[in-house]
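Shown next: structure03.cif, containing mmCIF, C-alpha atoms.
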```
data_input
#
loop_
_atom_site.group_PDB
_atom_site.id
_atom_site.type_symbol
_atom_site.label_atom_id
_atom_site.label_comp_id
_atom_site.auth_asym_id
_atom_site.auth_seq_id
_atom_site.Cartn_x
_atom_site.Cartn_y
_atom_site.Cartn_z
ATOM 1 C CA MET W 1 -60.441 -34.482 176.093
ATOM 2 C CA VAL W 2 -56.968 -33.062 175.455
ATOM 3 C CA LEU W 3 -55.084 -32.230 178.637
ATOM 4 C CA SER W 4 -52.929 -29.097 178.443
ATOM 5 C CA ILE W 5 -50.741 -26.970 180.663
ATOM 6 C CA ILE W 6 -48.541 -23.969 179.992
ATOM 7 C CA VAL W 7 -46.445 -21.952 182.442
ATOM 8 C CA HIS W 8 -44.434 -18.762 182.125
ATOM 9 C CA GLY W 9 -41.608 -17.388 184.224
ATOM 10 C CA GLY W 10 -42.142 -13.753 183.311
ATOM 11 C CA ALA W 11 -41.633 -11.341 180.438
ATOM 12 C CA LYS W 12 -38.094 -10.095 181.002
ATOM 13 C CA THR W 13 -34.489 -10.153 179.833
ATOM 14 C CA ILE W 14 -32.729 -13.429 180.611
ATOM 15 C CA SER W 15 -28.933 -13.284 180.741
ATOM 16 C CA GLN W 16 -27.023 -16.228 179.315
ATOM 17 C CA GLU W 17 -25.964 -17.465 182.740
ATOM 18 C CA LYS W 18 -29.598 -17.722 183.829
ATOM 19 C CA VAL W 19 -31.018 -19.522 180.808
ATOM 20 C CA ALA W 20 -30.503 -22.953 182.359
ATOM 21 C CA ALA W 21 -32.157 -21.936 185.641
ATOM 22 C CA ASN W 22 -35.181 -20.492 183.842
ATOM 23 C CA ASN W 23 -35.518 -23.591 181.669
ATOM 24 C CA ALA W 24 -35.181 -25.926 184.644
ATOM 25 C CA GLY W 25 -37.655 -23.985 186.774
ATOM 26 C CA CYS W 26 -40.346 -23.734 184.109
ATOM 27 C CA THR W 27 -39.894 -27.384 183.168
ATOM 28 C CA ALA W 28 -40.256 -28.452 186.805
ATOM 29 C CA ALA W 29 -43.387 -26.326 187.175
ATOM 30 C CA ALA W 30 -44.995 -27.707 184.016
ATOM 31 C CA GLU W 31 -44.134 -31.261 185.050
ATOM 32 C CA ALA W 32 -45.671 -30.732 188.497
ATOM 33 C CA GLY W 33 -48.888 -29.474 186.967
ATOM 34 C CA TRP W 34 -48.903 -32.181 184.306
ATOM 35 C CA ALA W 35 -48.560 -34.893 186.963
ATOM 36 C CA VAL W 36 -51.761 -33.581 188.536
ATOM 37 C CA LEU W 37 -53.662 -33.540 185.241
ATOM 38 C CA ALA W 38 -52.406 -36.971 184.159
ATOM 39 C CA SER W 39 -53.578 -38.517 187.423
ATOM 40 C CA GLY W 40 -57.091 -37.128 186.984
ATOM 41 C CA GLY W 41 -56.646 -33.979 189.077
ATOM 42 C CA THR W 42 -58.395 -30.697 188.394
ATOM 43 C CA ALA W 43 -57.036 -27.759 186.485
ATOM 44 C CA ALA W 44 -57.129 -25.684 189.684
ATOM 45 C CA GLU W 45 -54.953 -28.261 191.428
ATOM 46 C CA ALA W 46 -52.565 -28.319 188.468
ATOM 47 C CA VAL W 47 -52.230 -24.533 188.280
ATOM 48 C CA GLU W 48 -51.634 -24.311 192.009
ATOM 49 C CA ALA W 49 -49.036 -27.095 191.911
ATOM 50 C CA ALA W 50 -47.169 -25.508 189.008
ATOM 51 C CA ILE W 51 -47.092 -22.014 190.461
ATOM 52 C CA ARG W 52 -45.996 -23.301 193.867
ATOM 53 C CA VAL W 53 -42.865 -24.667 192.161
ATOM 54 C CA LEU W 54 -42.133 -21.228 190.701
ATOM 55 C CA GLU W 55 -42.840 -19.516 194.036
ATOM 56 C CA ALA W 56 -40.237 -21.721 195.720
ATOM 57 C CA ASP W 57 -37.575 -21.045 193.074
ATOM 58 C CA GLN W 58 -35.557 -17.863 193.591
ATOM 59 C CA THR W 59 -34.996 -17.648 189.826
ATOM 60 C CA PHE W 60 -38.485 -16.175 189.564
ATOM 61 C CA ASN W 61 -40.214 -13.098 190.934
ATOM 62 C CA ALA W 62 -42.846 -14.839 193.043
ATOM 63 C CA GLY W 63 -42.733 -16.081 196.632
ATOM 64 C CA PHE W 64 -39.144 -16.683 197.731
ATOM 65 C CA GLY W 65 -36.765 -14.576 195.678
ATOM 66 C CA SER W 66 -39.244 -11.813 194.873
ATOM 67 C CA VAL W 67 -37.988 -8.299 194.305
ATOM 68 C CA LEU W 68 -37.937 -5.818 197.193
ATOM 69 C CA ASN W 69 -40.079 -2.714 197.510
ATOM 70 C CA SER W 70 -38.909 0.783 198.506
ATOM 71 C CA LYS W 71 -38.746 -0.302 202.150
ATOM 72 C CA GLY W 72 -36.614 -3.362 201.385
ATOM 73 C CA GLU W 73 -39.499 -5.780 201.951
ATOM 74 C CA VAL W 74 -41.269 -8.409 199.851
ATOM 75 C CA GLU W 75 -44.946 -7.755 199.116
ATOM 76 C CA LEU W 76 -46.775 -10.401 197.118
ATOM 77 C CA ASP W 77 -49.856 -10.558 194.875
ATOM 78 C CA ALA W 78 -51.579 -13.633 193.412
ATOM 79 C CA GLY W 79 -54.805 -14.575 191.691
ATOM 80 C CA ILE W 80 -56.585 -17.610 190.258
ATOM 81 C CA MET W 81 -59.759 -18.042 188.174
ATOM 82 C CA GLU W 82 -61.778 -21.104 187.171
ATOM 83 C CA GLY W 83 -63.537 -21.022 183.803
ATOM 84 C CA GLY W 84 -66.636 -23.097 184.554
ATOM 85 C CA SER W 85 -68.242 -21.240 187.432
ATOM 86 C CA LEU W 86 -66.129 -18.102 186.897
ATOM 87 C CA ALA W 87 -65.043 -18.426 190.517
ATOM 88 C CA TRP W 88 -61.901 -16.556 191.460
ATOM 89 C CA GLY W 89 -59.718 -15.553 194.382
ATOM 90 C CA ALA W 90 -57.081 -12.860 194.739
ATOM 91 C CA ILE W 91 -54.712 -11.350 197.289
ATOM 92 C CA ALA W 92 -52.342 -8.387 197.217
ATOM 93 C CA ASN W 93 -49.728 -6.664 199.379
ATOM 94 C CA VAL W 94 -49.211 -9.723 201.566
ATOM 95 C CA GLN W 95 -46.116 -10.592 203.562
ATOM 96 C CA GLY W 96 -44.977 -13.758 205.266
ATOM 97 C CA LEU W 97 -46.818 -16.197 202.997
ATOM 98 C CA CYS W 98 -44.770 -19.001 201.432
ATOM 99 C CA HIS W 99 -47.262 -19.694 198.650
ATOM 100 C CA PRO W 100 -49.635 -16.836 197.800
ATOM 101 C CA ILE W 101 -51.246 -18.838 194.984
ATOM 102 C CA SER W 102 -52.500 -21.379 197.520
ATOM 103 C CA VAL W 103 -54.127 -18.629 199.566
ATOM 104 C CA ALA W 104 -55.780 -17.221 196.442
ATOM 105 C CA ARG W 105 -57.129 -20.684 195.686
ATOM 106 C CA LYS W 106 -58.474 -21.075 199.233
ATOM 107 C CA ILE W 107 -60.358 -17.820 198.733
ATOM 108 C CA MET W 108 -61.723 -19.001 195.373
ATOM 109 C CA ASP W 109 -62.929 -22.254 196.912
ATOM 110 C CA LYS W 110 -64.665 -20.477 199.808
ATOM 111 C CA LYS W 111 -66.087 -17.262 198.357
ATOM 112 C CA PRO W 112 -64.657 -15.123 195.545
ATOM 113 C CA MET W 113 -63.003 -12.094 197.097
ATOM 114 C CA PHE W 114 -59.998 -9.817 196.715
ATOM 115 C CA LEU W 115 -58.233 -9.549 200.078
ATOM 116 C CA VAL W 116 -55.285 -7.268 200.760
ATOM 117 C CA ALA W 117 -52.449 -6.813 203.253
ATOM 118 C CA ASP W 118 -53.066 -7.935 206.831
ATOM 119 C CA HIS W 119 -56.650 -8.955 206.048
ATOM 120 C CA ALA W 120 -55.376 -11.474 203.495
ATOM 121 C CA GLU W 121 -52.692 -12.608 205.944
ATOM 122 C CA HIS W 122 -55.355 -13.111 208.627
ATOM 123 C CA PHE W 123 -57.436 -15.204 206.198
ATOM 124 C CA ALA W 124 -54.341 -17.257 205.391
ATOM 125 C CA ALA W 125 -53.644 -17.925 209.066
ATOM 126 C CA GLU W 126 -57.250 -18.929 209.742
ATOM 127 C CA ASN W 127 -57.227 -21.338 206.799
ATOM 128 C CA GLY W 128 -53.980 -23.156 207.447
ATOM 129 C CA ALA W 129 -51.758 -21.589 204.799
ATOM 130 C CA GLU W 130 -47.997 -22.009 205.126
ATOM 131 C CA ARG W 131 -46.513 -19.006 206.938
ATOM 132 C CA CYS W 132 -42.974 -17.720 207.246
ATOM 133 C CA THR W 133 -41.277 -14.567 208.409
ATOM 134 C CA LYS W 134 -41.176 -11.804 205.836
ATOM 135 C CA GLU W 135 -37.380 -12.038 205.920
ATOM 136 C CA ASP W 136 -37.553 -15.690 204.832
ATOM 137 C CA LEU W 137 -38.821 -14.571 201.418
ATOM 138 C CA ILE W 138 -35.764 -12.422 200.675
ATOM 139 C CA ALA W 139 -33.090 -14.073 198.540
ATOM 140 C CA GLU W 140 -29.491 -12.920 198.882
ATOM 141 C CA GLU W 141 -29.272 -11.777 195.267
ATOM 142 C CA GLN W 142 -32.326 -9.528 195.520
ATOM 143 C CA GLN W 143 -31.146 -8.130 198.857
ATOM 144 C CA GLN W 144 -27.769 -7.245 197.376
ATOM 145 C CA GLU W 145 -29.283 -5.663 194.269
ATOM 146 C CA TRP W 146 -31.597 -3.550 196.404
ATOM 147 C CA GLU W 147 -28.856 -2.422 198.776
ATOM 148 C CA GLU W 148 -26.496 -1.522 195.941
ATOM 149 C CA GLU W 149 -29.278 -0.003 193.829
ATOM 150 C CA LYS W 150 -28.090 -2.062 190.899
ATOM 151 C CA GLU W 151 -29.634 -1.819 187.472
ATOM 152 C CA VAL W 152 -30.959 -5.338 187.125
ATOM 153 C CA ILE W 153 -30.175 -6.984 183.794
ATOM 154 C CA ASP W 154 -32.432 -9.975 184.436
ATOM 155 C CA ARG W 155 -35.545 -7.892 184.958
ATOM 156 C CA PRO W 156 -37.825 -10.137 187.004
ATOM 157 C CA ASN W 157 -41.538 -10.383 186.386
ATOM 158 C CA THR W 158 -44.788 -12.165 187.182
ATOM 159 C CA VAL W 159 -45.147 -15.951 186.821
ATOM 160 C CA GLY W 160 -48.274 -17.779 185.787
ATOM 161 C CA CYS W 161 -49.968 -20.913 184.528
ATOM 162 C CA VAL W 162 -52.994 -22.007 182.524
ATOM 163 C CA ALA W 163 -54.352 -25.570 182.504
ATOM 164 C CA LEU W 164 -57.156 -27.603 180.906
ATOM 165 C CA ASP W 165 -58.307 -30.764 182.686
ATOM 166 C CA SER W 166 -60.207 -33.871 181.641
ATOM 167 C CA SER W 167 -63.580 -32.297 182.469
ATOM 168 C CA GLY W 168 -62.962 -29.426 180.070
ATOM 169 C CA THR W 169 -62.375 -26.936 182.857
ATOM 170 C CA LEU W 170 -59.871 -24.155 182.224
ATOM 171 C CA VAL W 171 -58.029 -22.353 185.038
ATOM 172 C CA ALA W 172 -55.581 -19.448 184.962
ATOM 173 C CA GLY W 173 -53.331 -18.272 187.782
ATOM 174 C CA THR W 174 -50.647 -15.660 188.434
ATOM 175 C CA SER W 175 -48.218 -14.838 191.241
ATOM 176 C CA THR W 176 -45.754 -11.965 191.628
ATOM 177 C CA GLY W 177 -43.518 -9.897 193.826
ATOM 178 C CA GLY W 178 -44.264 -6.836 191.708
ATOM 179 C CA THR W 179 -41.557 -4.450 190.528
ATOM 180 C CA MET W 180 -38.151 -3.749 192.012
ATOM 181 C CA ASN W 181 -38.167 -0.831 194.480
ATOM 182 C CA LYS W 182 -41.905 -0.288 193.996
ATOM 183 C CA PRO W 183 -43.658 2.024 196.469
ATOM 184 C CA ALA W 184 -44.927 0.064 199.457
ATOM 185 C CA GLY W 185 -48.566 -0.775 198.811
ATOM 186 C CA ARG W 186 -48.308 -0.729 195.021
ATOM 187 C CA VAL W 187 -50.558 -3.287 193.302
ATOM 188 C CA GLY W 188 -50.129 -4.250 189.659
ATOM 189 C CA ASP W 189 -52.209 -6.273 187.255
ATOM 190 C CA SER W 190 -51.321 -9.803 188.366
ATOM 191 C CA ALA W 191 -54.231 -10.480 190.722
ATOM 192 C CA ILE W 192 -56.789 -8.439 188.791
ATOM 193 C CA ILE W 193 -59.333 -10.495 186.868
ATOM 194 C CA GLY W 194 -59.313 -9.494 183.207
ATOM 195 C CA SER W 195 -55.884 -7.913 183.328
ATOM 196 C CA GLY W 196 -53.509 -10.421 184.904
ATOM 197 C CA LEU W 197 -55.654 -13.491 184.286
ATOM 198 C CA PHE W 198 -58.947 -14.674 182.854
ATOM 199 C CA ALA W 199 -60.659 -18.029 182.288
ATOM 200 C CA GLU W 200 -63.938 -18.998 180.649
ATOM 201 C CA ASN W 201 -64.486 -22.588 179.545
ATOM 202 C CA GLU W 202 -66.203 -21.827 176.252
ATOM 203 C CA GLN W 203 -63.664 -19.189 175.201
ATOM 204 C CA GLY W 204 -60.251 -19.920 176.718
ATOM 205 C CA ALA W 205 -57.903 -18.924 179.521
ATOM 206 C CA CYS W 206 -54.947 -16.554 179.754
ATOM 207 C CA SER W 207 -52.234 -15.522 182.202
ATOM 208 C CA THR W 208 -50.228 -12.358 181.572
ATOM 209 C CA THR W 209 -46.912 -10.894 182.685
ATOM 210 C CA GLY W 210 -45.116 -7.609 182.227
ATOM 211 C CA ASP W 211 -45.553 -3.969 183.140
ATOM 212 C CA GLY W 212 -48.730 -3.882 185.190
ATOM 213 C CA GLU W 213 -49.309 -0.196 184.624
ATOM 214 C CA SER W 214 -49.415 -0.942 180.879
ATOM 215 C CA ILE W 215 -51.364 -4.201 181.111
ATOM 216 C CA MET W 216 -54.248 -2.836 183.186
ATOM 217 C CA PRO W 217 -55.433 -0.074 180.807
ATOM 218 C CA VAL W 218 -55.801 -2.557 177.928
ATOM 219 C CA VAL W 219 -57.251 -5.330 180.137
ATOM 220 C CA LEU W 220 -54.764 -7.659 178.490
ATOM 221 C CA ALA W 221 -55.969 -11.108 179.587
ATOM 222 C CA LYS W 222 -59.591 -10.442 178.589
ATOM 223 C CA THR W 223 -58.457 -8.755 175.384
ATOM 224 C CA ALA W 224 -56.497 -11.887 174.473
ATOM 225 C CA ILE W 225 -59.481 -14.155 175.171
ATOM 226 C CA ASP W 226 -61.843 -11.933 173.181
ATOM 227 C CA ILE W 227 -59.471 -12.220 170.219
ATOM 228 C CA LEU W 228 -59.236 -15.987 170.747
ATOM 229 C CA ALA W 229 -63.039 -16.262 170.801
ATOM 230 C CA SER W 230 -63.197 -14.656 167.353
ATOM 231 C CA GLY W 231 -61.744 -17.867 165.928
ATOM 232 C CA LYS W 232 -58.002 -17.276 166.126
ATOM 233 C CA HIS W 233 -55.435 -19.914 167.081
ATOM 234 C CA PRO W 234 -54.010 -19.272 170.580
ATOM 235 C CA ASP W 235 -50.604 -18.319 169.126
ATOM 236 C CA GLU W 236 -52.221 -15.743 166.873
ATOM 237 C CA ALA W 237 -54.512 -14.453 169.618
ATOM 238 C CA ALA W 238 -51.584 -14.046 172.001
ATOM 239 C CA GLN W 239 -49.548 -12.146 169.414
ATOM 240 C CA MET W 240 -52.472 -9.903 168.472
ATOM 241 C CA ALA W 241 -53.126 -9.106 172.132
ATOM 242 C CA ILE W 242 -49.511 -8.057 172.662
ATOM 243 C CA GLU W 243 -49.630 -5.980 169.475
ATOM 244 C CA THR W 244 -52.809 -4.318 170.754
ATOM 245 C CA LEU W 245 -51.020 -3.314 173.938
ATOM 246 C CA ALA W 246 -47.983 -2.040 172.048
ATOM 247 C CA SER W 247 -50.168 0.042 169.717
ATOM 248 C CA LYS W 248 -51.843 1.841 172.601
ATOM 249 C CA ILE W 249 -49.270 2.262 175.367
ATOM 250 C CA ALA W 250 -45.560 1.863 176.072
ATOM 251 C CA GLY W 251 -44.573 -1.217 178.018
ATOM 252 C CA GLU W 252 -43.408 -4.812 177.878
ATOM 253 C CA ALA W 253 -45.762 -7.734 178.324
ATOM 254 C CA GLY W 254 -46.335 -11.382 177.574
ATOM 255 C CA CYS W 255 -49.187 -13.846 177.801
ATOM 256 C CA VAL W 256 -49.908 -17.567 177.632
ATOM 257 C CA ILE W 257 -53.212 -19.015 176.402
ATOM 258 C CA ILE W 258 -55.055 -22.329 176.175
ATOM 259 C CA ASP W 259 -58.261 -22.653 174.159
ATOM 260 C CA PRO W 260 -61.142 -25.085 174.863
ATOM 261 C CA GLN W 261 -59.600 -27.623 172.442
ATOM 262 C CA GLY W 262 -56.383 -27.711 174.452
ATOM 263 C CA ARG W 263 -54.257 -25.804 171.961
ATOM 264 C CA VAL W 264 -51.613 -23.557 173.508
ATOM 265 C CA GLY W 265 -50.192 -20.217 172.456
ATOM 266 C CA TRP W 266 -47.901 -17.535 173.807
ATOM 267 C CA ALA W 267 -46.314 -14.240 172.821
ATOM 268 C CA HIS W 268 -44.261 -11.415 174.277
ATOM 269 C CA ASN W 269 -42.667 -8.117 173.267
ATOM 270 C CA SER W 270 -39.998 -8.307 175.953
ATOM 271 C CA THR W 271 -36.527 -9.555 175.048
ATOM 272 C CA ASP W 272 -37.276 -12.973 176.543
ATOM 273 C CA MET W 273 -40.026 -14.915 178.304
ATOM 274 C CA ALA W 274 -39.384 -18.295 179.882
ATOM 275 C CA CYS W 275 -42.194 -20.678 178.960
ATOM 276 C CA ALA W 276 -42.913 -24.410 179.162
ATOM 277 C CA TYR W 277 -45.914 -26.466 178.118
ATOM 278 C CA ARG W 278 -47.228 -29.952 177.541
ATOM 279 C CA THR W 279 -50.382 -31.396 176.011
ATOM 280 C CA SER W 280 -51.779 -34.914 175.607
ATOM 281 C CA GLU W 281 -50.241 -34.981 172.140
ATOM 282 C CA MET W 282 -46.705 -34.639 173.544
ATOM 283 C CA ASP W 283 -44.514 -37.113 175.412
ATOM 284 C CA LYS W 284 -42.572 -34.492 177.375
ATOM 285 C CA VAL W 285 -42.504 -30.826 178.296
ATOM 286 C CA ALA W 286 -41.275 -28.305 175.714
ATOM 287 C CA VAL W 287 -39.408 -25.323 177.161
ATOM 288 C CA PHE W 288 -38.181 -22.015 175.706
ATOM 289 C CA THR W 289 -36.779 -18.674 176.846
ATOM 290 C CA LYS W 290 -37.779 -16.820 173.679
ATOM 291 C CA LYS W 291 -40.748 -17.192 171.358
ATOM 292 C CA LYS W 292 -40.056 -19.167 168.225
ATOM 293 C CA GLN W 293 -42.365 -19.521 165.295
ATOM 294 C CA LEU W 294 -44.141 -22.805 165.880
ATOM 295 C CA ALA W 295 -46.554 -24.655 163.635
ATOM 296 C CA HIS W 296 -50.105 -24.491 164.914
ATOM 297 C CA ARG W 297 -50.789 -27.523 167.030
#
```
Would it be possible to restate this file's structure as C-alpha cells?
Amino acid sequence: MVLSIIVHGGAKTISQEKVAANNAGCTAAAEAGWAVLASGGTAAEAVEAAIRVLEADQTFNAGFGSVLNSKGEVELDAGIMEGGSLAWGAIANVQGLCHPISVARKIMDKKPMFLVADHAEHFAAENGAERCTKEDLIAEEQQQEWEEEKEVIDRPNTVGCVALDSSGTLVAGTSTGGTMNKPAGRVGDSAIIGSGLFAENEQGACSTTGDGESIMPVVLAKTAIDILASGKHPDEAAQMAIETLASKIAGEAGCVIIDPQGRVGWAHNSTDMACAYRTSEMDKVAVFTKKKQLAHR
C-alpha cells in the first residue's frame, strides 16, 4: 500500500516576505503527518498531527494566529472525516481551544456530531482537550491589522490535510479561523462534510480552502471526489472541481486530493496556495506556494 499525505496552508495571496514561513510551516506539517504514517499510525492520527502543526503556527489562519471577527475575537471551526466507516466530527464557533482539530477527532471517535460554540467547548473540557484563554489565540499581527482596519495583502484562509495509511484508509481534515472581521457566529464551509472536506475509501478524499460562501453552494469537496471517481487523476479532478466552482459563482478556492492508489493532486484559482506532500515513492516532502504543472505520479 502506498502511503500518502498532502497538506495545504490556504488559498490566498502570499507576499514574498512570507514565502519562507509558508514553505516551512507546510513542510513541518507534512513531515509530522508522514512520521505517523511511516511508523504504522492511522490516517486519522496523521491528519490530526499535521493540522496541529498548522494550528500552532501563526503563519496560518487556524488556531493561534487566526483572524479576528467583528468583535475582535477568534472563533474557530474544524472538521475531520474517515473514509472507511464514514465517521466524522465537526465543531464551529469555538473559543479558547488550542487545537480544534483534536476536538473534532474526539467527536468522530465517540459519536459523529456537529457541535457549536459553548456546547463544543463543554465537550472539549469534558474530554481533556487542551484549553487556553481566548486571548491566547490572538497573534500580534492579526490584532494590529484588526485595530487598524488594514487591507490584508496576505489574505489568510483555511488549512487542511488528507492522508492515506497502510490499511487503505483515507482521512480528510480542515481547520480555520474563518474570515477577517466576519460577523460573530458566522460559519463557513470548513467543518461541513461535503463542502470543506470529504473522504470515502473507494473514491478518494479531499480538503478544501477558500471563500466558504462560494464553496458551500457547489459542495466543492464532494464535487471533486465525484469527478475523481469518474476515472480522473487527482490533479485533473482538483482542477476540474475548481473550474466548476468558477463557472457557477464568484470566489477563490483551492483543494487537495488523494485517491485510493495514493496519488495526490491539488489546484486553486487564488493567486497562491501553500501546499506540501509526500508519498511512499518520495524520499522527502515536496513543497510549493503556487501550483505548477506536474507530471502525473
Edge lengths and centre in Å to one decimal, as AutoDock Vina command-line options, is what I'm after for the box along x, y and z that holds all listed atoms of range 27-36 of chain W once 6 Å is added on each side.
```
--center_x -45.8 --center_y -30.6 --center_z 185.9 --size_x 23.9 --size_y 20.6 --size_z 17.4
```
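Across the model, the gap from CA of Ser280 in chain W to CA of Gly168 in chain W is 13.2 Å.
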Q | Target residues per the PyMOL selection byres ((chain W and resi 160) around 7), formatted as a PyMOL selection string | A | chain W and resi 7-9+51+158-159+161+173-175+207
(Q) Please expand the PyMOL selection byres ((chain W and resi 232-244) around 8) into the concrete residues it hits in this file, giving the result as a ChimeraX atom specification. (A) /W:218,220,223-225,227-231,245-248,253-259,263-269,296
Q: Fewer than 6 positions away in the same chain doesn't count, so skip those; otherwise give me all residues within 10 Å of His99 in chain W, counting only C-alpha atoms, as a VMD selection string.
A: chain W and resid 48 51 to 56 62 to 64 76 78 129 to 132 175
Q. Any idea what's packed within 10 Å of Ser85 in chain W, counting all atoms listed in the file, ignoring anything in its chain fewer than 3 positions away? Could you give it as an MDAnalysis selection string?
A. chainID W and resid 81:82 88 169 199:201
Q.
Excluding Ile193 in chain W and its own-chain neighbours fewer than 2 positions away, which residues fall within 12 Å of it when counting all atoms listed in the file? Please give them as a ChimeraX atom specification.
A. /W:78-83,86-91,112-114,172-174,188-191,195-200,205-208,215-216,219-223
Q. Of the candidates W:Val162, W:Leu137, W:Ala286, W:Met273, which one gets nearest to Val67 in chain W if we count all atoms listed in the file?
A. W:Leu137
Q) Counting all atoms listed in the file, what is within 9 Å of Gln95 in chain W, bar same-chain residues fewer than 4 positions away, as a PyMOL selection string? A) chain W and resi 73-76+117-118+121+132-134+137
Hey, could you patch up range 241-255 of chain W with N, CA, C and O atoms and hand it over as an mmCIF file, in the coordinates of the input?
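The file below, result.cif, is the result:
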```
data_model
loop_
_atom_site.group_PDB
_atom_site.id
_atom_site.type_symbol
_atom_site.label_atom_id
_atom_site.label_comp_id
_atom_site.auth_asym_id
_atom_site.auth_seq_id
_atom_site.Cartn_x
_atom_site.Cartn_y
_atom_site.Cartn_z
ATOM 1 N N ALA W 241 -52.893 -9.799 170.869
ATOM 2 C CA ALA W 241 -53.126 -9.106 172.132
ATOM 3 C C ALA W 241 -51.920 -8.255 172.515
ATOM 4 O O ALA W 241 -52.061 -7.102 172.957
ATOM 5 N N ILE W 242 -50.722 -8.815 172.359
ATOM 6 C CA ILE W 242 -49.511 -8.057 172.662
ATOM 7 C C ILE W 242 -49.362 -6.877 171.706
ATOM 8 O O ILE W 242 -48.966 -5.772 172.104
ATOM 9 N N GLU W 243 -49.684 -7.077 170.435
ATOM 10 C CA GLU W 243 -49.630 -5.980 169.475
ATOM 11 C C GLU W 243 -50.647 -4.896 169.813
ATOM 12 O O GLU W 243 -50.380 -3.697 169.619
ATOM 13 N N THR W 244 -51.802 -5.293 170.334
ATOM 14 C CA THR W 244 -52.809 -4.318 170.754
ATOM 15 C C THR W 244 -52.261 -3.448 171.871
ATOM 16 O O THR W 244 -52.399 -2.216 171.853
ATOM 17 N N LEU W 245 -51.637 -4.085 172.848
ATOM 18 C CA LEU W 245 -51.020 -3.314 173.938
ATOM 19 C C LEU W 245 -49.980 -2.346 173.392
ATOM 20 O O LEU W 245 -49.991 -1.150 173.715
ATOM 21 N N ALA W 246 -49.082 -2.864 172.559
ATOM 22 C CA ALA W 246 -47.983 -2.040 172.048
ATOM 23 C C ALA W 246 -48.475 -0.866 171.202
ATOM 24 O O ALA W 246 -47.820 0.179 171.143
ATOM 25 N N SER W 247 -49.636 -1.026 170.566
ATOM 26 C CA SER W 247 -50.168 0.042 169.717
ATOM 27 C C SER W 247 -50.814 1.163 170.521
ATOM 28 O O SER W 247 -51.033 2.263 169.995
ATOM 29 N N LYS W 248 -51.106 0.883 171.788
ATOM 30 C CA LYS W 248 -51.843 1.841 172.601
ATOM 31 C C LYS W 248 -51.016 2.483 173.709
ATOM 32 O O LYS W 248 -51.313 3.603 174.145
ATOM 33 N N ILE W 249 -49.972 1.781 174.183
ATOM 34 C CA ILE W 249 -49.270 2.262 175.367
ATOM 35 C C ILE W 249 -47.872 1.663 175.394
ATOM 36 O O ILE W 249 -47.662 0.553 174.901
ATOM 37 N N ALA W 250 -46.922 2.390 175.950
ATOM 38 C CA ALA W 250 -45.560 1.863 176.072
ATOM 39 C C ALA W 250 -45.515 0.816 177.172
ATOM 40 O O ALA W 250 -46.201 0.933 178.183
ATOM 41 N N GLY W 251 -44.714 -0.205 176.974
ATOM 42 C CA GLY W 251 -44.573 -1.217 178.018
ATOM 43 C C GLY W 251 -44.319 -2.594 177.451
ATOM 44 O O GLY W 251 -44.681 -2.892 176.313
ATOM 45 N N GLU W 252 -43.673 -3.432 178.261
ATOM 46 C CA GLU W 252 -43.408 -4.812 177.878
ATOM 47 C C GLU W 252 -44.427 -5.729 178.529
ATOM 48 O O GLU W 252 -44.857 -5.506 179.669
ATOM 49 N N ALA W 253 -44.788 -6.781 177.798
ATOM 50 C CA ALA W 253 -45.762 -7.734 178.324
ATOM 51 C C ALA W 253 -45.636 -9.061 177.601
ATOM 52 O O ALA W 253 -45.017 -9.165 176.536
ATOM 53 N N GLY W 254 -46.237 -10.070 178.181
ATOM 54 C CA GLY W 254 -46.335 -11.382 177.574
ATOM 55 C C GLY W 254 -47.599 -12.062 178.051
ATOM 56 O O GLY W 254 -48.208 -11.641 179.046
ATOM 57 N N CYS W 255 -48.013 -13.102 177.352
ATOM 58 C CA CYS W 255 -49.187 -13.846 177.801
ATOM 59 C C CYS W 255 -49.105 -15.280 177.299
ATOM 60 O O CYS W 255 -48.449 -15.573 176.305
#
```
